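Worksheet for the structure shown next.
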Amino acid sequence: MNHSTPEQPADVVARLRATFRTGRTKPVEWRTGQLRRLRAMLTENGAALAAALHTDLGKSSTEAYRTEIDFTVREIDHTLEHLDEWLRPESAPVPAHLGGDATAWTQYDPLGVVLVIAPWNYPAQLLLAPMVGALASGNAVVAKPSELAPATSAALAELIPAYLDTDAVAVVEGGIPETTALLAERFDHIFYTGNGAVGRIVMRAAAEHLTPVALELGGKSPVFVDRGTDLDVVADRLARGKFLNAGQTCVAPDYVLTDPETAAALETALVRAVDALFGADPQASPEYGRIVNERHFDRISALLDSGRVAVGGGSDRTDKYIAPTVLVDVDPKSPVMQEEIFGPILPVVTVPGLDAAIDFINDRDKPLALYVFSESDRTRGRIAAETSSGGLGYGLPLAHLTVSDLPFGGVGESGMGSYHGRYSIETFSHRKAVLAKPLG
Ligand code: NAD
């Protein structure tokens, strides 16, 4: 039976809670069984999911597999390989006043029923990768896909109940009213990915029930390009990272900080890099995505005249196409520098040098990611020590989040909590303290 559509949020949560109370989700066999079913769902329906992602975001099949389907499969495989080891109780030294025969340890308990709320930009990965951690930790899961990626949401709402245990996993589709109704319920954890305004709504609702939250938010992720770096390599990696999914990536390089001399040379290199990746007419390139909807198209288009266009600048509203664009001579006070761009525009802002770049970054919200192109250990070390960001990447944007053994998450305005690999177990479990003292 497909429970996903007609059931009220309160009934979904009550039903899942009843399942959790039976203890069914706790054995590691149930958890790994669900992960294997999720894996089968992805490998057997990759083409259907890729088609849905193309409908929603114009994602090429290559990109859909790389950043959503295969990405999630890798996360599942990594978890299956290490779960026993991650779940192992960890013993703790016992102080002398408890006597020599007492023992102490920590063990991971599932939290209960968790809610995962996903955004539209990687609508499959960002629903499923948190679910991997939630299921591996032995929880029941309510999954809320983004209504702004309707084809992917519909595909997931059909596939998930067909593969996973419907008594313990439910999909609730919908937008603000449905999410608001869900948030009125008591969950044992809420995992939200999206923007900070809604993050605040989620945290407020969670506070009513003292429910812990992870907020995976966004913001402007800066790039610092040092003097004397190989700008062809820098430009190629920047363009790949920035224009993936037409710039709609939470950890996309948002803007570049560099000195005026480097900026001039980088401009030429970026023009070449964009041409090499997407050709003279990126609109005709099957590898280049589209903006999710007209509202975001209008928002991003309004940022196109925030500087001198080095490459790109064009757009086509009927096709939701915005060209991969590099803006130079950008004033920090211009509109493009006021909010997360979340689209295919890369502004280059000049600063006198490293000190000014560090001040520029620290004058703003703590970013989700910070990227540094520099061969100097001193420069890299200073940025690491003197700034705060969710993640830090030297020489390669986006890649840190593909390392399953690294925690992925933000700090300050870019969010709280983290996941991936064993960090998902930390997020979706309670680490219980146990002390045992023999009666004898
Ligand atoms: P979105 O509009 O799809 O919203 C995310 C979720 O919130 C959806 O499921 C939606 O239904 C729900 N929602 C929206 N308004 C709501 C409301 N008023 N009350 C309750 N629920 C509501 O996605 P978005 O926020 O536009 O996503 C883009 C943002 O997400 C960017 O800021 C981006 O940087 C960030 N992001 C972060 C990560 C990360 O891992 N840290 C990943 C992707 C995106």
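Going through the structure tokens in order, the chains are called A, B, and so on, while each chain numbers its residues from 1 and the ligands are numbered from 1 in the order shown.
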Report as a ChimeraX atom specification which protein, DNA and RNA residues come within 6 Å of ligand 1, using only C-alpha atoms and all ligand atoms.
/A:117-120,144-148,175-176,179-180,193-195,198,216-219,250,409
Save out the residues we just selected, N, CA and C atoms, as a PDB file, in the first residue's frame.
```pdb
ATOM      1  N   ILE A 117      13.911  17.292   5.519  1.00  0.00           N
ATOM      2  CA  ILE A 117      13.305  18.257   4.583  1.00  0.00           C
ATOM      3  C   ILE A 117      14.372  18.658   3.567  1.00  0.00           C
ATOM      4  N   ALA A 118      14.093  18.438   2.293  1.00  0.00           N
ATOM      5  CA  ALA A 118      15.113  18.645   1.256  1.00  0.00           C
ATOM      6  C   ALA A 118      14.789  19.841   0.358  1.00  0.00           C
ATOM      7  N   PRO A 119      15.813  20.458  -0.223  1.00  0.00           N
ATOM      8  CA  PRO A 119      15.608  21.552  -1.177  1.00  0.00           C
ATOM      9  C   PRO A 119      15.565  21.025  -2.613  1.00  0.00           C
ATOM     10  N   TRP A 120      15.468  21.942  -3.571  1.00  0.00           N
ATOM     11  CA  TRP A 120      15.226  21.563  -4.960  1.00  0.00           C
ATOM     12  C   TRP A 120      16.502  21.415  -5.777  1.00  0.00           C
ATOM     13  N   LYS A 144      10.539  14.668   3.255  1.00  0.00           N
ATOM     14  CA  LYS A 144       9.762  15.725   2.583  1.00  0.00           C
ATOM     15  C   LYS A 144      10.603  16.287   1.441  1.00  0.00           C
ATOM     16  N   PRO A 145      10.357  15.826   0.206  1.00  0.00           N
ATOM     17  CA  PRO A 145      11.106  16.372  -0.941  1.00  0.00           C
ATOM     18  C   PRO A 145      10.645  17.789  -1.258  1.00  0.00           C
ATOM     19  N   SER A 146      11.413  18.481  -2.099  1.00  0.00           N
ATOM     20  CA  SER A 146      11.058  19.869  -2.436  1.00  0.00           C
ATOM     21  C   SER A 146      10.001  19.910  -3.527  1.00  0.00           C
ATOM     22  N   GLU A 147       8.995  20.731  -3.269  1.00  0.00           N
ATOM     23  CA  GLU A 147       7.924  20.927  -4.253  1.00  0.00           C
ATOM     24  C   GLU A 147       8.419  21.706  -5.472  1.00  0.00           C
ATOM     25  N   LEU A 148       9.572  22.344  -5.343  1.00  0.00           N
ATOM     26  CA  LEU A 148      10.083  23.135  -6.473  1.00  0.00           C
ATOM     27  C   LEU A 148      10.827  22.260  -7.487  1.00  0.00           C
ATOM     28  N   GLY A 175       4.303  21.581  -0.283  1.00  0.00           N
ATOM     29  CA  GLY A 175       5.048  22.820  -0.095  1.00  0.00           C
ATOM     30  C   GLY A 175       4.882  23.354   1.316  1.00  0.00           C
ATOM     31  N   ILE A 176       4.652  24.668   1.406  1.00  0.00           N
ATOM     32  CA  ILE A 176       4.618  25.305   2.718  1.00  0.00           C
ATOM     33  C   ILE A 176       3.509  24.742   3.629  1.00  0.00           C
ATOM     34  N   THR A 179       4.528  21.252   4.831  1.00  0.00           N
ATOM     35  CA  THR A 179       5.694  21.283   5.724  1.00  0.00           C
ATOM     36  C   THR A 179       5.316  21.896   7.061  1.00  0.00           C
ATOM     37  N   THR A 180       4.477  22.934   7.016  1.00  0.00           N
ATOM     38  CA  THR A 180       4.032  23.571   8.258  1.00  0.00           C
ATOM     39  C   THR A 180       3.273  22.565   9.111  1.00  0.00           C
ATOM     40  N   THR A 193      17.611  21.024   4.979  1.00  0.00           N
ATOM     41  CA  THR A 193      18.554  21.637   4.037  1.00  0.00           C
ATOM     42  C   THR A 193      17.801  22.693   3.238  1.00  0.00           C
ATOM     43  N   GLY A 194      18.339  23.901   3.191  1.00  0.00           N
ATOM     44  CA  GLY A 194      17.675  24.974   2.436  1.00  0.00           C
ATOM     45  C   GLY A 194      18.179  26.326   2.898  1.00  0.00           C
ATOM     46  N   ASN A 195      17.311  27.321   2.856  1.00  0.00           N
ATOM     47  CA  ASN A 195      17.785  28.675   3.164  1.00  0.00           C
ATOM     48  C   ASN A 195      17.574  29.030   4.649  1.00  0.00           C
ATOM     49  N   VAL A 198      13.904  29.912   6.151  1.00  0.00           N
ATOM     50  CA  VAL A 198      13.104  28.737   6.513  1.00  0.00           C
ATOM     51  C   VAL A 198      13.792  27.970   7.653  1.00  0.00           C
ATOM     52  N   GLU A 216      21.258  22.666   7.365  1.00  0.00           N
ATOM     53  CA  GLU A 216      22.269  22.710   6.307  1.00  0.00           C
ATOM     54  C   GLU A 216      21.890  23.865   5.402  1.00  0.00           C
ATOM     55  N   LEU A 217      22.520  25.018   5.631  1.00  0.00           N
ATOM     56  CA  LEU A 217      22.102  26.235   4.945  1.00  0.00           C
ATOM     57  C   LEU A 217      23.127  26.640   3.892  1.00  0.00           C
ATOM     58  N   GLY A 218      23.068  27.875   3.454  1.00  0.00           N
ATOM     59  CA  GLY A 218      23.972  28.287   2.373  1.00  0.00           C
ATOM     60  C   GLY A 218      24.695  29.572   2.712  1.00  0.00           C
ATOM     61  N   GLY A 219      24.730  30.468   1.741  1.00  0.00           N
ATOM     62  CA  GLY A 219      25.428  31.733   1.928  1.00  0.00           C
ATOM     63  C   GLY A 219      26.469  31.919   0.837  1.00  0.00           C
ATOM     64  N   CYS A 250      24.969  24.592  -3.214  1.00  0.00           N
ATOM     65  CA  CYS A 250      25.150  25.312  -1.951  1.00  0.00           C
ATOM     66  C   CYS A 250      26.616  25.650  -1.690  1.00  0.00           C
ATOM     67  N   GLY A 409      28.869  20.288   6.711  1.00  0.00           N
ATOM     68  CA  GLY A 409      27.914  21.146   7.403  1.00  0.00           C
ATOM     69  C   GLY A 409      28.447  22.557   7.503  1.00  0.00           C
TER      70      GLY A 409
END
```
Quick one: residues within 9 Å of Leu115 (chain A), only C-alpha atoms, excluding same-chain residues fewer than 4 positions away - as a compact mmCIF listing (two decimals) with N, CA and C atoms, in the first residue's frame?
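Result file out20.txt:
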```txt
# COMPACT_ATOMS: atom_id res chain seq x y z
N ALA A 140 13.03 5.65 12.25
CA ALA A 140 11.97 5.77 11.26
C ALA A 140 12.10 7.15 10.64
N VAL A 141 11.72 7.29 9.37
CA VAL A 141 12.00 8.53 8.65
C VAL A 141 10.77 9.05 7.90
N VAL A 142 10.47 10.33 8.10
CA VAL A 142 9.53 11.03 7.23
C VAL A 142 10.36 11.89 6.29
N ALA A 143 10.20 11.69 5.00
CA ALA A 143 10.99 12.40 4.00
C ALA A 143 10.10 13.40 3.27
N LYS A 144 10.54 14.67 3.26
CA LYS A 144 9.76 15.72 2.58
C LYS A 144 10.60 16.29 1.44
N LEU A 182 3.61 19.32 9.06
CA LEU A 182 4.58 18.35 9.58
C LEU A 182 5.32 18.93 10.78
N LEU A 183 5.72 20.20 10.65
CA LEU A 183 6.53 20.81 11.71
C LEU A 183 5.77 20.98 13.02
N PHE A 187 8.90 15.48 16.46
CA PHE A 187 9.90 14.56 15.89
C PHE A 187 11.03 14.41 16.90
N ASP A 188 11.88 13.43 16.64
CA ASP A 188 13.04 13.25 17.52
C ASP A 188 14.28 13.90 16.94
N HIS A 189 14.18 14.28 15.67
CA HIS A 189 15.24 15.06 15.05
C HIS A 189 14.66 15.65 13.76
N ILE A 190 15.07 16.87 13.44
CA ILE A 190 14.69 17.45 12.14
C ILE A 190 15.96 17.82 11.41
N PHE A 191 16.07 17.32 10.18
CA PHE A 191 17.25 17.58 9.36
C PHE A 191 16.78 18.42 8.17
N TYR A 192 17.13 19.68 8.19
CA TYR A 192 16.64 20.61 7.15
C TYR A 192 17.79 21.11 6.27
```
Here is a test: counting only C-alpha atoms, which residue of A:Val309, A:Val171, A:Ala104, A:Val256 is nearest to Glu7 (chain A)?
A:Val171
Residue neighbourhood Thr19 (chain A), 12 Å, only C-alpha atoms, exclusion window fewer than 2 positions, as a ChimeraX atom specification
/A:12-17,21-26,112-113,138-141,165-170
Mind writing the picked residues with C-alpha atoms as a PDB file, in the first residue's frame?
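Once written, result_1.pdb looks like this:
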```pdb
ATOM      1  CA  VAL A  12       2.013   9.450   9.315  1.00  0.00           C
ATOM      2  CA  VAL A  13       4.074  10.382  12.350  1.00  0.00           C
ATOM      3  CA  ALA A  14       1.869   8.349  14.720  1.00  0.00           C
ATOM      4  CA  ARG A  15       2.105   5.303  12.475  1.00  0.00           C
ATOM      5  CA  LEU A  16       5.893   5.531  12.205  1.00  0.00           C
ATOM      6  CA  ARG A  17       6.224   6.110  15.921  1.00  0.00           C
ATOM      7  CA  ARG A  21       8.168   1.506  19.503  1.00  0.00           C
ATOM      8  CA  THR A  22       8.047  -2.147  18.420  1.00  0.00           C
ATOM      9  CA  GLY A  23      11.840  -2.049  18.067  1.00  0.00           C
ATOM     10  CA  ARG A  24      11.698  -3.147  14.446  1.00  0.00           C
ATOM     11  CA  THR A  25      14.124  -0.507  13.126  1.00  0.00           C
ATOM     12  CA  LYS A  26      16.799  -1.139  15.726  1.00  0.00           C
ATOM     13  CA  GLY A 112      13.087   7.712  16.977  1.00  0.00           C
ATOM     14  CA  VAL A 113      11.137   9.348  14.169  1.00  0.00           C
ATOM     15  CA  GLY A 138      17.957   2.840  13.210  1.00  0.00           C
ATOM     16  CA  ASN A 139      15.350   5.572  12.932  1.00  0.00           C
ATOM     17  CA  ALA A 140      11.969   5.769  11.263  1.00  0.00           C
ATOM     18  CA  VAL A 141      11.997   8.532   8.651  1.00  0.00           C
ATOM     19  CA  ASP A 165       9.720  -0.520   4.733  1.00  0.00           C
ATOM     20  CA  THR A 166       6.502   1.532   4.494  1.00  0.00           C
ATOM     21  CA  ASP A 167       5.782   1.082   8.190  1.00  0.00           C
ATOM     22  CA  ALA A 168       8.974   2.940   9.036  1.00  0.00           C
ATOM     23  CA  VAL A 169       9.625   5.238   6.070  1.00  0.00           C
ATOM     24  CA  ALA A 170       7.118   7.664   4.573  1.00  0.00           C
TER      25      ALA A 170
END
```
Distance query Ala356 (chain A) at most 12 Å, only C-alpha atoms, self and fewer than 6 positions along chain excluded, as a PDB file with C-alpha atoms, in the first residue's frame:
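This is the output file out-v8.pdb:
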```
ATOM      1  CA  PHE A 224      40.750  33.643  -2.667  1.00  0.00           C
ATOM      2  CA  LEU A 257      38.723  37.844  -4.180  1.00  0.00           C
ATOM      3  CA  THR A 258      42.083  38.638  -5.724  1.00  0.00           C
ATOM      4  CA  ASP A 259      44.523  41.474  -6.302  1.00  0.00           C
ATOM      5  CA  VAL A 349      36.191  41.560  -6.567  1.00  0.00           C
ATOM      6  CA  THR A 350      39.643  43.053  -6.183  1.00  0.00           C
ATOM      7  CA  ASN A 362      35.423  38.088   8.322  1.00  0.00           C
ATOM      8  CA  ASP A 363      33.259  41.187   7.790  1.00  0.00           C
ATOM      9  CA  ILE A 383      43.355  31.723   6.020  1.00  0.00           C
TER      10      ILE A 383
END
```
Would you give me, as a list of chain:residue names, the residues in region 189-240 of chain A that DSSP reads as strand (DSSP E or B)?
A:His189, A:Ile190, A:Phe191, A:Tyr192, A:Thr193, A:Val213, A:Ala214, A:Leu215, A:Glu216, A:Pro222, A:Val223, A:Phe224, A:Val225
Rounded to one decimal place, report the CA of Phe408 (chain A)-CA of Gly391 (chain A) distance in Å.
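Rounded to one decimal, the two atoms are 7.3 Å apart.
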Can you pull out the residues contacting region 280-286 of chain A? Cut-off 8 Å, using only C-alpha atoms, and skip same-chain residues under 2 positions away; I want them as a tab-separated table (two decimals) with N, CA and C atoms, in the first residue's frame.
```
chain	number	residue	atom	x	y	z
A	60	SER	N	22.10	17.24	-17.12
A	60	SER	CA	22.49	16.18	-18.05
A	60	SER	C	22.50	14.87	-17.28
A	275	ASP	N	34.55	28.89	-22.33
A	275	ASP	CA	34.43	28.47	-23.73
A	275	ASP	C	34.81	26.99	-23.89
A	278	PHE	N	31.78	24.83	-22.29
A	278	PHE	CA	30.41	24.86	-22.84
A	278	PHE	C	30.33	25.34	-24.28
A	288	TYR	N	24.94	21.80	-19.95
A	288	TYR	CA	24.68	22.99	-19.14
A	288	TYR	C	23.21	23.03	-18.69
A	289	GLY	N	22.98	23.21	-17.39
A	289	GLY	CA	21.64	23.13	-16.81
A	289	GLY	C	20.84	24.41	-16.94
A	321	TYR	N	17.13	29.94	-19.17
A	321	TYR	CA	18.58	29.85	-19.41
A	321	TYR	C	19.26	31.15	-19.01
A	323	ALA	N	23.28	32.45	-19.14
A	323	ALA	CA	24.60	32.05	-19.60
A	323	ALA	C	25.58	32.00	-18.43
A	324	PRO	N	26.55	31.08	-18.50
A	324	PRO	CA	27.64	31.14	-17.53
A	324	PRO	C	28.34	32.49	-17.66
```
Which residue out of A:Thr262, A:Thr249, A:Ser424, A:Thr268 has the minimum interatomic distance to Ser221 (chain A) when only C-alpha atoms are used?
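Under the stated criterion, the closest residue is A:Thr249.
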Could you check the closest approach to Val114 (chain A) for each of A:Gly196, A:Pro212, A:Pro161, A:Gly313 and tell me which residue wins, using only C-alpha atoms?
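Selected residue with least distance to Val114 (chain A): A:Pro212.
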